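Chemist: For reference, this is entry_33.txt, and it has compact mmCIF, C-alpha atoms and all ligand atoms.
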```txt
# COMPACT_ATOMS: atom_id res chain seq x y z
CA MET A 275 -80.11 220.94 63.82
CA LYS A 276 -83.49 219.65 62.75
CA ALA A 277 -84.33 218.67 59.15
CA ARG A 278 -85.68 221.53 57.08
CA SER A 279 -88.24 221.87 54.36
CA SER A 280 -86.58 223.57 51.37
CA VAL A 281 -88.68 226.68 51.87
CA LEU A 282 -86.74 227.53 55.04
CA SER A 283 -83.31 226.51 53.77
CA ALA A 284 -82.61 229.57 51.61
CA GLY A 285 -80.99 231.47 54.46
CA PRO A 286 -81.41 232.28 58.13
CA VAL A 287 -84.63 233.53 59.65
CA LEU A 288 -83.96 237.25 60.05
CA VAL A 289 -85.57 238.82 63.11
CA VAL A 290 -85.53 242.63 62.94
CA GLY A 291 -85.60 244.48 66.28
CA ALA A 292 -84.16 243.31 69.60
CA GLY A 293 -86.88 244.66 71.88
CA PRO A 294 -88.52 242.16 74.24
CA VAL A 295 -90.48 240.48 71.43
CA GLY A 296 -87.68 240.07 68.87
CA THR A 297 -85.23 238.83 71.51
CA LEU A 298 -87.67 236.24 72.88
CA LEU A 299 -88.60 235.11 69.36
CA ALA A 300 -84.96 234.74 68.28
CA ALA A 301 -84.16 232.72 71.43
CA ARG A 302 -87.26 230.54 70.89
CA LEU A 303 -86.28 229.83 67.26
CA LEU A 304 -82.77 228.88 68.39
CA VAL A 305 -84.29 226.45 70.91
CA SER A 306 -86.11 224.83 67.96
CA GLY A 307 -82.90 224.53 65.97
CA PHE A 308 -83.39 227.29 63.39
CA GLU A 309 -80.56 229.38 62.02
CA VAL A 310 -81.41 232.88 63.24
CA ARG A 311 -80.01 236.41 62.98
CA LEU A 312 -81.27 239.22 65.21
CA LEU A 313 -80.68 242.78 63.97
CA GLU A 314 -80.93 245.85 66.19
CA LYS A 315 -80.36 249.37 64.93
CA ARG A 316 -79.52 250.82 68.37
CA ALA A 317 -75.96 250.53 69.64
CA HIS A 318 -77.21 250.05 73.22
CA ARG A 319 -80.33 248.73 74.91
CA ARG A 320 -83.05 251.41 75.27
CA PRO A 321 -82.83 253.12 78.67
CA GLY A 322 -85.82 253.92 80.89
CA SER A 323 -88.84 251.78 81.48
CA ARG A 324 -92.11 251.19 79.70
CA ALA A 325 -93.61 247.80 80.57
CA ILE A 326 -93.59 246.37 84.07
CA GLY A 327 -96.50 243.88 84.03
CA VAL A 328 -95.60 240.25 83.23
CA HIS A 329 -98.80 238.19 83.02
CA PRO A 330 -99.26 234.39 83.32
CA PRO A 331 -99.05 233.61 79.56
CA GLY A 332 -96.05 235.95 79.33
CA LEU A 333 -94.36 233.99 82.09
CA GLU A 334 -94.95 230.78 80.12
CA ALA A 335 -93.41 232.40 77.04
CA LEU A 336 -90.36 233.38 79.12
CA ALA A 337 -90.14 229.83 80.49
CA SER A 338 -90.01 228.47 76.92
CA VAL A 339 -86.58 230.13 76.56
CA SER A 340 -85.53 229.46 80.18
CA ALA A 341 -85.77 233.17 81.10
CA ALA A 342 -88.68 233.05 83.58
CA ALA A 343 -86.58 232.52 86.71
CA ALA A 344 -84.24 235.44 85.91
CA VAL A 345 -87.20 237.73 85.20
CA GLN A 346 -88.94 236.71 88.44
CA ALA A 347 -85.69 237.25 90.39
CA ALA A 348 -85.58 240.84 89.06
CA GLY A 349 -89.21 241.56 89.93
CA VAL A 350 -91.89 241.41 92.57
CA ARG A 351 -95.07 239.31 92.60
CA VAL A 352 -98.22 241.45 92.56
CA GLU A 353 -100.69 239.87 94.98
CA GLY A 354 -103.74 241.75 93.76
CA GLY A 355 -105.24 245.16 93.24
CA HIS A 356 -107.28 247.47 95.46
CA ALA A 357 -109.82 249.49 93.49
CA PHE A 358 -111.18 252.87 94.61
CA GLY A 359 -114.00 254.88 93.06
CA ALA A 360 -115.06 258.49 93.36
CA GLU A 361 -116.32 257.99 96.92
CA GLY A 362 -113.99 255.40 98.37
CA ARG A 363 -113.05 251.76 98.22
CA LEU A 364 -114.74 249.47 95.65
CA GLY A 365 -113.08 246.18 96.49
CA THR A 366 -110.02 244.03 95.96
CA LEU A 367 -109.12 241.75 93.09
CA GLY A 368 -106.87 238.95 94.31
CA LEU A 369 -104.28 237.43 91.98
CA GLY A 370 -103.81 233.88 93.22
CA VAL A 371 -101.26 231.21 92.35
CA ASP A 372 -103.23 230.35 89.20
CA THR A 373 -102.95 233.96 87.94
CA PRO A 374 -99.47 235.12 88.96
CA VAL A 375 -98.57 238.63 87.79
CA TRP A 376 -95.08 240.02 88.23
CA ALA A 377 -93.90 243.61 88.11
CA VAL A 378 -90.47 243.81 86.48
CA PRO A 379 -88.94 246.90 84.83
CA GLN A 380 -88.70 246.35 81.05
CA PRO A 381 -84.89 246.87 80.90
CA ASP A 382 -84.44 243.98 83.38
CA VAL A 383 -86.74 241.78 81.27
CA GLU A 384 -84.77 242.66 78.14
CA ALA A 385 -81.46 241.91 79.90
CA ALA A 386 -82.75 238.48 81.01
CA LEU A 387 -83.91 237.74 77.46
CA GLU A 388 -80.57 238.74 75.96
CA GLU A 389 -78.78 236.41 78.40
CA SER A 390 -81.14 233.62 77.34
CA LEU A 391 -80.45 234.35 73.66
CA GLU A 392 -76.71 234.12 74.26
CA ARG A 393 -77.07 230.90 76.27
CA HIS A 394 -78.83 229.41 73.24
CA GLY A 395 -75.99 230.44 70.94
CA GLY A 396 -77.42 233.69 69.54
CA GLU A 397 -76.39 237.33 69.66
CA VAL A 398 -77.90 240.75 69.09
CA GLU A 399 -76.25 242.33 66.04
CA ARG A 400 -76.26 245.90 67.38
CA GLY A 401 -75.87 248.90 65.10
CA SER A 402 -77.45 246.92 62.22
CA GLU A 403 -80.49 248.56 60.64
CA LEU A 404 -82.70 246.95 58.06
CA VAL A 405 -83.26 249.54 55.32
CA GLY A 406 -84.49 247.50 52.36
CA LEU A 407 -85.93 244.16 51.28
CA ARG A 408 -85.94 242.45 47.88
CA ALA A 409 -87.70 239.23 46.95
CA THR A 410 -85.98 236.63 44.74
CA ALA A 411 -87.61 233.46 43.40
CA ARG A 412 -86.78 231.38 46.52
CA SER A 413 -85.90 233.83 49.27
CA LEU A 414 -85.52 237.43 50.39
CA VAL A 415 -82.52 239.71 50.30
CA ALA A 416 -82.28 242.07 53.27
CA ILE A 417 -80.39 245.33 52.86
CA VAL A 418 -78.72 246.20 56.15
CA THR A 419 -76.61 249.21 57.14
CA GLY A 420 -74.06 248.91 59.90
CA SER A 421 -70.44 249.52 60.78
CA GLY A 422 -69.37 247.64 57.62
CA GLY A 423 -71.48 249.89 55.34
CA VAL A 424 -74.41 248.55 53.34
CA VAL A 425 -74.59 244.76 53.18
CA GLU A 426 -77.02 242.49 51.33
CA SER A 427 -77.94 239.31 53.25
CA PRO A 428 -80.12 236.39 52.14
CA ALA A 429 -82.98 235.36 54.42
CA SER A 430 -85.56 232.59 54.11
CA LEU A 431 -88.01 234.66 56.15
CA VAL A 432 -87.97 238.16 57.67
CA ILE A 433 -89.85 238.79 60.92
CA GLY A 434 -90.51 242.40 61.82
CA CYS A 435 -90.31 242.92 65.59
CA ASP A 436 -89.26 246.49 64.98
CA GLY A 437 -91.90 248.26 66.98
CA ARG A 438 -94.65 250.79 66.37
CA ASP A 439 -93.03 252.51 63.36
CA SER A 440 -92.03 249.20 61.77
CA ARG A 441 -89.81 249.51 58.70
CA VAL A 442 -90.42 245.84 57.89
CA ARG A 443 -94.18 246.48 57.81
CA GLU A 444 -93.67 249.40 55.45
CA LEU A 445 -91.26 247.46 53.18
CA ALA A 446 -93.74 244.55 53.00
CA GLY A 447 -96.49 246.96 51.90
CA ILE A 448 -98.68 246.20 54.92
CA SER A 449 -100.74 249.17 56.08
CA ALA A 450 -101.67 249.91 59.70
CA SER A 451 -104.60 251.87 61.04
CA GLY A 452 -105.23 253.51 64.38
CA GLY A 453 -104.07 256.58 66.20
CA ARG A 454 -103.74 258.38 69.49
CA TYR A 455 -106.50 258.32 72.06
CA GLN A 456 -107.47 261.39 74.07
CA ASP A 457 -105.65 259.97 77.14
CA HIS A 458 -102.38 261.53 78.30
CA TYR A 459 -100.42 260.31 81.32
CA LEU A 460 -97.43 261.16 83.45
CA MET A 461 -95.55 258.46 85.30
CA ALA A 462 -92.71 258.18 87.79
CA ASP A 463 -90.93 255.47 89.76
CA LEU A 464 -90.88 256.63 93.38
CA PRO A 465 -89.74 255.22 96.73
CA CYS A 466 -92.84 254.02 98.57
CA GLY A 467 -91.71 255.05 102.06
CA VAL A 468 -92.93 253.05 105.03
CA THR A 469 -96.10 251.54 103.51
CA GLU A 470 -94.61 248.97 101.17
CA SER A 471 -97.34 246.76 99.69
CA ARG A 472 -97.48 244.07 97.04
CA TYR A 473 -100.89 245.25 95.91
CA ALA A 474 -101.58 247.56 92.99
CA GLU A 475 -103.89 250.49 93.70
CA VAL A 476 -106.27 251.88 91.08
CA HIS A 477 -108.05 255.13 91.94
CA LEU A 478 -110.87 256.04 89.56
CA HIS A 479 -111.10 259.62 90.75
CA ARG A 480 -113.64 261.94 89.16
CA ASP A 481 -110.76 264.00 87.70
CA GLY A 482 -109.13 260.93 86.18
CA LEU A 483 -107.03 257.88 86.98
CA ALA A 484 -104.22 257.66 89.52
CA GLU A 485 -102.67 254.23 89.97
CA SER A 486 -99.60 252.71 91.51
CA PHE A 487 -97.87 249.35 91.26
CA PRO A 488 -95.29 247.64 93.44
CA LEU A 489 -91.75 247.43 92.10
CA PRO A 490 -88.81 245.53 93.63
CA ASP A 491 -86.81 246.94 96.56
CA GLY A 492 -89.45 249.28 97.97
CA TRP A 493 -90.27 251.30 94.84
CA ARG A 494 -93.62 252.02 93.19
CA ARG A 495 -94.60 252.93 89.64
CA VAL A 496 -97.12 255.80 89.86
CA VAL A 497 -99.22 256.78 86.82
CA VAL A 498 -101.68 259.69 86.65
CA ARG A 499 -103.99 260.73 83.85
CA VAL A 500 -103.66 264.38 82.80
CA THR A 501 -105.86 266.51 80.58
CA GLY A 502 -103.40 267.16 77.75
CA PRO A 503 -99.89 266.54 76.47
CA HIS A 504 -96.99 267.38 78.77
CA ARG A 505 -95.54 270.75 77.71
CA GLY A 506 -92.09 270.52 79.28
CA PRO A 507 -89.22 268.21 78.33
CA VAL A 508 -89.90 264.47 78.21
CA ILE A 509 -86.72 262.63 78.78
CA GLY A 510 -88.32 259.22 78.34
CA GLY A 511 -87.12 257.55 81.46
CA ALA A 512 -83.35 257.85 81.11
CA VAL A 513 -83.10 260.96 83.31
CA VAL A 514 -85.60 262.35 85.81
CA GLU A 515 -87.63 265.41 84.79
CA PRO A 516 -88.42 267.15 88.12
CA GLY A 517 -91.58 268.86 86.77
CA ILE A 518 -93.13 265.49 85.90
CA ALA A 519 -92.15 263.98 89.26
CA ARG A 520 -93.76 266.90 91.12
CA ARG A 521 -97.00 266.75 89.10
CA VAL A 522 -97.27 262.96 89.53
CA CYS A 523 -96.93 263.34 93.31
CA GLU A 524 -99.43 266.23 93.48
CA LEU A 525 -102.09 264.40 91.48
CA ALA A 526 -101.52 261.09 93.30
CA GLN A 527 -102.07 262.91 96.61
CA GLU A 528 -105.16 264.81 95.37
CA ARG A 529 -106.74 261.60 94.04
CA GLY A 530 -106.09 259.59 97.20
CA ALA A 531 -103.38 257.38 95.69
CA GLY A 532 -100.80 258.09 98.38
CA SER A 533 -98.10 260.44 99.45
CA PHE A 534 -94.81 260.26 97.55
CA ASP A 535 -91.65 262.36 97.59
CA PRO A 536 -90.86 263.80 94.12
CA GLU A 537 -87.21 264.28 95.13
CA GLY A 538 -86.85 260.50 95.31
CA ALA A 539 -87.93 259.84 91.69
CA ARG A 540 -85.53 257.67 89.67
CA MET A 541 -87.56 257.60 86.41
CA THR A 542 -90.17 259.90 84.89
CA SER A 543 -92.03 259.78 81.63
CA ALA A 544 -95.01 261.22 79.77
CA PHE A 545 -97.02 259.30 77.20
CA VAL A 546 -100.29 259.22 75.30
CA ALA A 547 -102.31 256.01 74.92
CA GLU A 548 -102.43 254.77 71.34
CA GLY A 549 -104.02 251.94 69.41
CA TRP A 550 -102.66 250.64 66.09
CA MET A 551 -103.21 247.44 64.15
CA ALA A 552 -101.60 246.13 60.97
CA GLU A 553 -104.14 245.03 58.33
CA ARG A 554 -102.31 241.67 58.08
CA PHE A 555 -99.59 240.14 60.25
CA ALA A 556 -97.91 238.38 57.29
CA ALA A 557 -97.32 238.90 53.56
CA GLY A 558 -95.22 236.59 51.36
CA ARG A 559 -92.08 235.70 53.34
CA VAL A 560 -92.54 238.49 55.86
CA ALA A 561 -94.31 238.25 59.23
CA LEU A 562 -94.89 240.81 61.97
CA ALA A 563 -94.95 240.35 65.75
CA GLY A 564 -95.27 242.63 68.78
CA ASP A 565 -95.76 246.38 68.42
CA ALA A 566 -94.93 246.13 64.71
CA ALA A 567 -98.24 244.27 64.36
CA HIS A 568 -100.33 245.93 67.10
CA VAL A 569 -100.02 248.69 69.67
CA VAL A 570 -102.51 248.48 72.54
CA SER A 571 -103.12 251.14 75.19
CA PRO A 572 -100.59 250.66 78.02
CA ILE A 573 -103.39 251.04 80.60
CA GLY A 574 -103.77 247.41 81.60
CA GLY A 575 -100.24 246.63 80.51
CA GLN A 576 -100.52 243.89 77.91
CA GLY A 577 -98.60 244.96 74.78
CA MET A 578 -95.30 243.22 75.48
CA ASN A 579 -97.01 240.03 76.71
CA LEU A 580 -99.23 239.97 73.61
CA GLY A 581 -96.11 240.23 71.46
CA TRP A 582 -94.55 237.25 73.24
CA LEU A 583 -97.67 235.23 72.46
CA ASP A 584 -97.26 236.18 68.78
CA ALA A 585 -93.67 234.94 69.04
CA LEU A 586 -94.72 231.54 70.46
CA ALA A 587 -97.42 231.13 67.80
CA LEU A 588 -94.99 232.01 65.02
CA ALA A 589 -92.29 229.66 66.33
CA ALA A 590 -94.81 226.79 66.49
CA ALA A 591 -95.95 227.56 62.92
CA LEU A 592 -92.37 227.54 61.61
CA GLU A 593 -91.65 224.25 63.39
CA ARG A 594 -94.55 222.66 61.47
CA VAL A 595 -93.16 224.05 58.20
CA ALA A 596 -89.64 222.88 59.04
CA ASP A 597 -90.68 219.30 59.77
CA GLY A 598 -92.63 219.19 56.50
CA SER A 599 -96.07 218.76 58.09
CA SER A 600 -97.38 222.06 56.76
CA GLU A 601 -96.82 224.78 54.14
CA LEU A 602 -95.32 228.20 54.91
CA GLU A 603 -98.06 230.11 53.13
CA SER A 604 -100.95 228.48 54.98
CA GLU A 605 -99.14 228.66 58.35
CA LEU A 606 -98.47 232.38 57.96
CA ALA A 607 -102.06 232.99 56.87
CA SER A 608 -103.48 231.25 59.93
CA TYR A 609 -100.88 232.95 62.17
CA SER A 610 -102.13 236.28 60.84
CA THR A 611 -105.82 235.45 61.34
CA SER A 612 -105.47 234.04 64.86
CA ARG A 613 -103.14 236.76 66.17
CA ILE A 614 -105.30 239.56 64.73
CA ARG A 615 -108.19 238.02 66.70
CA ALA A 616 -106.13 237.99 69.92
CA ALA A 617 -104.90 241.55 69.32
CA ARG A 618 -108.47 242.77 68.81
CA THR A 619 -109.52 241.22 72.13
CA ALA A 620 -106.52 242.77 73.92
CA THR A 621 -107.28 246.13 72.29
CA ARG A 622 -110.89 246.02 73.50
CA ARG A 623 -109.82 245.14 77.06
CA ALA A 624 -107.13 247.87 77.11
CA LEU A 625 -109.59 250.44 75.77
CA TRP A 626 -112.07 249.50 78.51
CA ASN A 627 -109.34 250.05 81.13
CA THR A 628 -108.42 253.35 79.51
CA ARG A 629 -112.04 254.59 79.45
CA MET A 630 -112.58 253.63 83.09
CA GLY A 631 -109.83 256.10 84.04
CA ARG A 632 -111.31 259.10 82.22
CA PRO A 633 -112.75 262.08 84.12
CA ILE A 634 -116.40 261.48 84.90
CA GLY A 635 -119.43 263.46 86.17
CA ARG A 636 -120.92 262.85 89.64
CA ALA A 637 -124.04 260.93 88.50
CA LYS A 638 -122.13 258.66 86.11
CA ALA A 639 -119.49 258.00 88.78
CA VAL A 640 -122.16 256.74 91.21
CA TRP A 641 -123.53 254.39 88.57
CA ARG A 642 -120.05 253.17 87.44
CA ASP A 643 -118.86 252.65 91.02
CA SER A 644 -121.91 250.65 92.06
CA LEU A 645 -121.46 248.33 89.06
CA LEU A 646 -117.76 247.86 89.82
CA ARG A 647 -118.42 247.31 93.55
CA ALA A 648 -120.97 244.61 92.67
CA ALA A 649 -118.61 242.97 90.17
CA LEU A 650 -115.76 242.85 92.70
CA ALA A 651 -118.05 241.37 95.34
CA SER A 652 -119.24 238.58 93.01
CA THR A 653 -117.02 235.48 92.83
CA VAL A 654 -117.96 234.78 89.21
CA LEU A 655 -117.53 238.36 87.96
CA SER A 656 -114.33 239.02 89.85
CA ARG A 657 -112.90 235.81 88.40
CA ALA A 658 -113.86 237.08 84.92
CA LEU A 659 -112.21 240.45 85.66
CA ALA A 660 -109.05 238.72 86.92
CA GLY A 661 -109.06 236.65 83.70
CA ALA A 662 -109.27 239.78 81.55
CA PHE A 663 -106.50 241.51 83.53
CA THR A 664 -104.24 238.47 83.32
CA MET A 665 -104.72 237.88 79.58
CA ARG A 666 -106.79 234.72 79.77
CA GLY A 667 -107.66 233.39 76.30
CA LEU A 668 -105.09 235.43 74.36
CA ALA A 669 -102.52 232.68 73.66
C1 LIG B 1 -95.78 253.66 79.41
C2 LIG B 1 -95.89 252.25 78.88
C3 LIG B 1 -96.15 251.21 79.75
C4 LIG B 1 -96.28 249.91 79.28
N1 LIG B 1 -96.55 248.90 80.17
C5 LIG B 1 -96.68 247.63 79.71
C6 LIG B 1 -96.87 246.55 80.63
O1 LIG B 1 -96.91 246.75 81.85
N2 LIG B 1 -96.99 245.29 80.13
C7 LIG B 1 -96.92 245.05 78.80
O2 LIG B 1 -97.07 243.89 78.39
N3 LIG B 1 -96.68 246.04 77.90
C8 LIG B 1 -96.56 247.33 78.33
N4 LIG B 1 -96.28 248.33 77.45
C9 LIG B 1 -96.07 248.00 76.02
C10 LIG B 1 -94.64 247.49 75.76
O3 LIG B 1 -93.68 248.42 76.23
C11 LIG B 1 -94.47 247.27 74.26
O4 LIG B 1 -95.58 246.52 73.79
C12 LIG B 1 -93.18 246.48 73.97
O5 LIG B 1 -92.04 247.24 74.23
C13 LIG B 1 -93.15 246.09 72.49
O6 LIG B 1 -92.01 245.33 72.27
P1 LIG B 1 -91.47 245.09 70.81
O7 LIG B 1 -90.25 244.24 70.97
O8 LIG B 1 -92.57 244.64 69.92
O9 LIG B 1 -91.08 246.55 70.27
P2 LIG B 1 -90.02 247.60 70.83
O10 LIG B 1 -89.85 247.47 72.29
O11 LIG B 1 -90.45 248.92 70.29
O12 LIG B 1 -88.65 247.17 70.15
C14 LIG B 1 -88.43 247.35 68.76
C15 LIG B 1 -86.93 247.32 68.50
O13 LIG B 1 -86.71 247.34 67.08
C16 LIG B 1 -85.60 248.18 66.80
N5 LIG B 1 -85.72 248.60 65.40
C17 LIG B 1 -86.65 249.42 64.87
N6 LIG B 1 -86.47 249.54 63.52
C18 LIG B 1 -85.40 248.77 63.20
C19 LIG B 1 -84.73 248.47 61.97
N7 LIG B 1 -85.14 248.98 60.78
N8 LIG B 1 -83.65 247.65 62.00
C20 LIG B 1 -83.23 247.12 63.20
N9 LIG B 1 -83.82 247.38 64.39
C21 LIG B 1 -84.91 248.18 64.39
C22 LIG B 1 -85.77 249.31 67.82
O14 LIG B 1 -84.56 250.00 68.03
C23 LIG B 1 -86.22 248.56 69.06
O15 LIG B 1 -85.15 248.14 69.87
C24 LIG B 1 -96.14 249.64 77.89
C25 LIG B 1 -95.88 250.70 77.01
C26 LIG B 1 -95.74 251.99 77.49
C27 LIG B 1 -95.47 253.11 76.53
```
Would you write out, as structure tokens, the structure that this file holds?
Modeler:
Amino acid sequence: MKARSSVLSAGPVLVVGAGPVGTLLAARLLVSGFEVRLLEKRAHRRPGSRAIGVHPPGLEALASVSAAAAVQAAGVRVEGGHAFGAEGRLGTLGLGVDTPVWAVPQPDVEAALEESLERHGGEVERGSELVGLRATARSLVAIVTGSGGVVESPASLVIGCDGRDSRVRELAGISASGGRYQDHYLMADLPCGVTESRYAEVHLHRDGLAESFPLPDGWRRVVVRVTGPHRGPVIGGAVVEPGIARRVCELAQERGAGSFDPEGARMTSAFVAEGWMAERFAAGRVALAGDAAHVVSPIGGQGMNLGWLDALALAAALERVADGSSELESELASYSTSRIRAARTATRRALWNTRMGRPIGRAKAVWRDSLLRAALASTVLSRALAGAFTMRGLA
């Protein structure tokens, strides 16, 4: 184990939340020789699927904990995207070897990360929920409930990777602002039939977005924008809701995004796009990463990858503190500043994607489509678009 500055010797680094961000961060800190505990309040991994897009910087983050190969083996490489406007095809955005994007269901990514964590000597402490935090002169005391009752544990640093409704953020007194957008979606994973393709399809229909993405083994993730919240049951991906599957297939067909069989659905979900941002990503001996720090609209698929980039930045900052070349306070302050900047950029890009998929009048659609057609035909502009879609500049 590497030498420590006294500031990090008062107890383990406590990572709260074993979603994709907390698990990658805990594994990364173990690689660097830190003593780490990873708490997770759920007894089992969350079923269903949210993220599928793994972007180039996300792949690098996975490689830093030797999980990239397992994630790639569970996914499919997306070779590009065909874009369609109100009146037909706009162009194709290629994703070359320098911008590899993979589609991998989030549960498979989380399983690969947990295997990596265990290979590096860590474990997920399931059924352990952080419910309180107390500061002492040199450290923090975390109050954790679990099968053994309520336990107080010392920690040199607490990192909240506990998602959108972060308890760590609340206990650290960090506020968050944001809210729901006007954009509601239904999604389903469906068999793609005979026309299997490794290209995404984005249809900017006048009534709203319909898009589909390749998944491994001949499946596709189909997402359609709808005008309001889904009224029926939302099972959140664990079980199929036939009403959602039917509506996804109807709207995909109407908007030219393909013909799918609702009976074949293996996952359905309904969600609203949201945007949230913590006012700071660190306070005292507490830091935030992933959705605990920022929630970006899923249209464009960057939230999980952005969280992994937080994790890498935080691990690098703690390494500098541990080897004595820097102070914890200044490292956490610059972590907060630089990751807020990256999250703002990702939020802007995701909001642009979200707006592009809104219903649109005939005249505006003509104008929008001619701009997009021109951008996709231009080498320079299509490279810039590919950069924005593959998270260039957000590390
Ligand atoms: C429909 C949809 C599609 C998406 N697609 C993409 C995509 O393609 N690409 C992409 O990059 N992102 C995508 N995202 C975003 C991505 O799913 C999230 O950004 C990602 O899951 C955030 O990971 P996280 O680890 O920060 O938080 P979470 O996944 O929310 O994990 C937080 C964990 O903390 C645990 N926890 C909470 N409180 C406590 C506590 N007090 N004590 C202990 N444990 C606690 C929770 O049980 C949970 O396991 C999508 C999101 C949605 C909704």
Chemist: Within 6 Å of ligand LIG 1 (chain B), which residues of chain A come that close, and what is the closest atom pair and distance in Å for each? Count all atoms listed in the file and give it as CSV.
Modeler:
```
residue,atom,partner,partner_atom,distance
A:Val290,CA,B:LIG1,C20,5.1
A:Gly291,CA,B:LIG1,O13,3.2
A:Ala292,CA,B:LIG1,O15,4.9
A:Gly293,CA,B:LIG1,O7,3.5
A:Pro294,CA,B:LIG1,O7,4.2
A:Val295,CA,B:LIG1,O7,3.8
A:Gly296,CA,B:LIG1,O7,5.3
A:Leu313,CA,B:LIG1,C20,5.1
A:Glu314,CA,B:LIG1,N9,3.7
A:Lys315,CA,B:LIG1,N9,4.0
A:Arg316,CA,B:LIG1,O14,5.1
A:Arg324,CA,B:LIG1,C2,4.0
A:Ala325,CA,B:LIG1,N1,3.2
A:Ile326,CA,B:LIG1,O1,4.0
A:Gly327,CA,B:LIG1,O1,3.6
A:Ser402,CA,B:LIG1,C20,5.9
A:Glu403,CA,B:LIG1,N8,3.6
A:Leu404,CA,B:LIG1,N8,4.1
A:Val405,CA,B:LIG1,N7,5.8
A:Cys435,CA,B:LIG1,O8,5.2
A:Asp436,CA,B:LIG1,O13,3.4
A:Gly437,CA,B:LIG1,O11,3.7
A:Ser440,CA,B:LIG1,N6,5.8
A:Arg441,CA,B:LIG1,N7,5.1
A:Gly564,CA,B:LIG1,O8,3.6
A:Asp565,CA,B:LIG1,O8,3.9
A:Ala566,CA,B:LIG1,O8,5.9
A:Pro572,CA,B:LIG1,C4,4.6
A:Gly575,CA,B:LIG1,C6,3.4
A:Gln576,CA,B:LIG1,O2,3.5
A:Gly577,CA,B:LIG1,O4,3.5
A:Met578,CA,B:LIG1,O2,3.5
A:Asn579,CA,B:LIG1,O2,4.2
A:Gly581,CA,B:LIG1,O8,5.9
```
Chemist: Measuring between all atoms listed in the file, which one of A:Arg521, A:Arg494, A:Arg559, A:His394 shows the shortest distance to A:Phe308?
Modeler: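 Result for the nearest residue to A:Phe308: A:His394.
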Chemist: With distances taken over only C-alpha atoms, which residue among A:Leu646, A:Ala585, A:Leu391, A:Leu625 lies nearest A:Ser571?
Modeler: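 Checking each of A:Leu646, A:Ala585, A:Leu391, A:Leu625 against A:Ser571, counting only C-alpha atoms, the winner is A:Leu625.
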Chemist: (-81.9, 243.7, 53.4) in this file's frame - what residues fall within 6 Å of it? Use only C-alpha atoms and give the answer as an MDAnalysis selection string.
Modeler: chainID A and resid 404 406:407 415:418 426:427
Chemist: My list of candidates is A:Gly368, A:Pro330, A:Gly574, A:Pro321. Which is closest to A:Ala651 when distances are computed with all atoms listed in the file?
Modeler: A:Gly368
Chemist: Just checking: using all atoms listed in the file, which residue out of A:Val310, A:Ile614, A:Met551, A:Val350 ends up closest to A:Gly452?
Modeler: A:Met551
Chemist: Counting only C-alpha atoms, which residue out of A:Arg629, A:Arg594, A:Ser612, A:Ala557 sits closest to A:Gly447?
Modeler: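 Nearest candidate to A:Gly447 out of A:Arg629, A:Arg594, A:Ser612, A:Ala557: A:Ala557.
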Chemist: Which of these, A:Leu312, A:Leu668, A:Leu525, A:Val595, has the shortest distance to A:Leu299 once you count all atoms listed in the file?
Modeler: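 Comparing A:Leu312, A:Leu668, A:Leu525, A:Val595 against A:Leu299, the winner is A:Leu312.
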Chemist: Find the residues around A:Val498 up to 12 Å (only C-alpha atoms counted), leave out those fewer than 3 positions away in its own chain, and share them as a PyMOL selection string.
Modeler: chain A and resi 457-463+475-479+481-487+495+501-502+504+518-532+542-546+573+628+631-633
Chemist: Quick one: residues within 8 Å of A:Ala591, all atoms listed in the file counted, chain neighbours fewer than 3 positions away excluded, as a ChimeraX atom specification?
Modeler: /A:587-588,594-595,605-606,609
Chemist: Name all residues at most 9 Å from A:Leu336 (count only C-alpha atoms; drop same-chain ones fewer than 5 positions away) and give them as a PyMOL selection string.
Modeler: chain A and resi 298+331+341-343+345+387+582
Chemist: List every protein, DNA or RNA residue that has at least one atom no more than 7 Å from (-86.6, 259.6, 90.4) in the file's coordinates, counting all atoms listed in the file, and write the result as a short mmCIF file (atom, residue, chain, number, x, y, z; two decimals) with C-alpha atoms, keeping the file's coordinate frame.
Modeler:
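Written out: point.cif:
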```
data_model
loop_
_atom_site.label_atom_id
_atom_site.label_comp_id
_atom_site.auth_asym_id
_atom_site.auth_seq_id
_atom_site.Cartn_x
_atom_site.Cartn_y
_atom_site.Cartn_z
CA ALA A 462 -92.71 258.18 87.79
CA ASP A 463 -90.93 255.47 89.76
CA LEU A 464 -90.88 256.63 93.38
CA VAL A 514 -85.60 262.35 85.81
CA GLU A 537 -87.21 264.28 95.13
CA GLY A 538 -86.85 260.50 95.31
CA ALA A 539 -87.93 259.84 91.69
CA ARG A 540 -85.53 257.67 89.67
CA MET A 541 -87.56 257.60 86.41
CA THR A 542 -90.17 259.90 84.89
#
```
Chemist: Take every atom of stretch 648-659 of chain A listed in the file, fit an axis-aligned box around them, add 8 Å per side, and give the centre and edge lengths in Å to one decimal as AutoDock Vina command-line options.
Modeler:
```
--center_x -116.6 --center_y 239.7 --center_z 90.1 --size_x 24.8 --size_y 25.8 --size_z 26.4
```
Chemist: May I have the residues within 10 Å of A:Pro428 as a ChimeraX atom specification, using only C-alpha atoms and disregarding those fewer than 5 positions away in the same chain?
Modeler: /A:284-288,407-410,413-417
Chemist: Report the distance between atom CA of A:Gln456 and atom CA of A:Ala639 in Å, rounded to one decimal place.
Modeler: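 So the answer is 19.3 Å.
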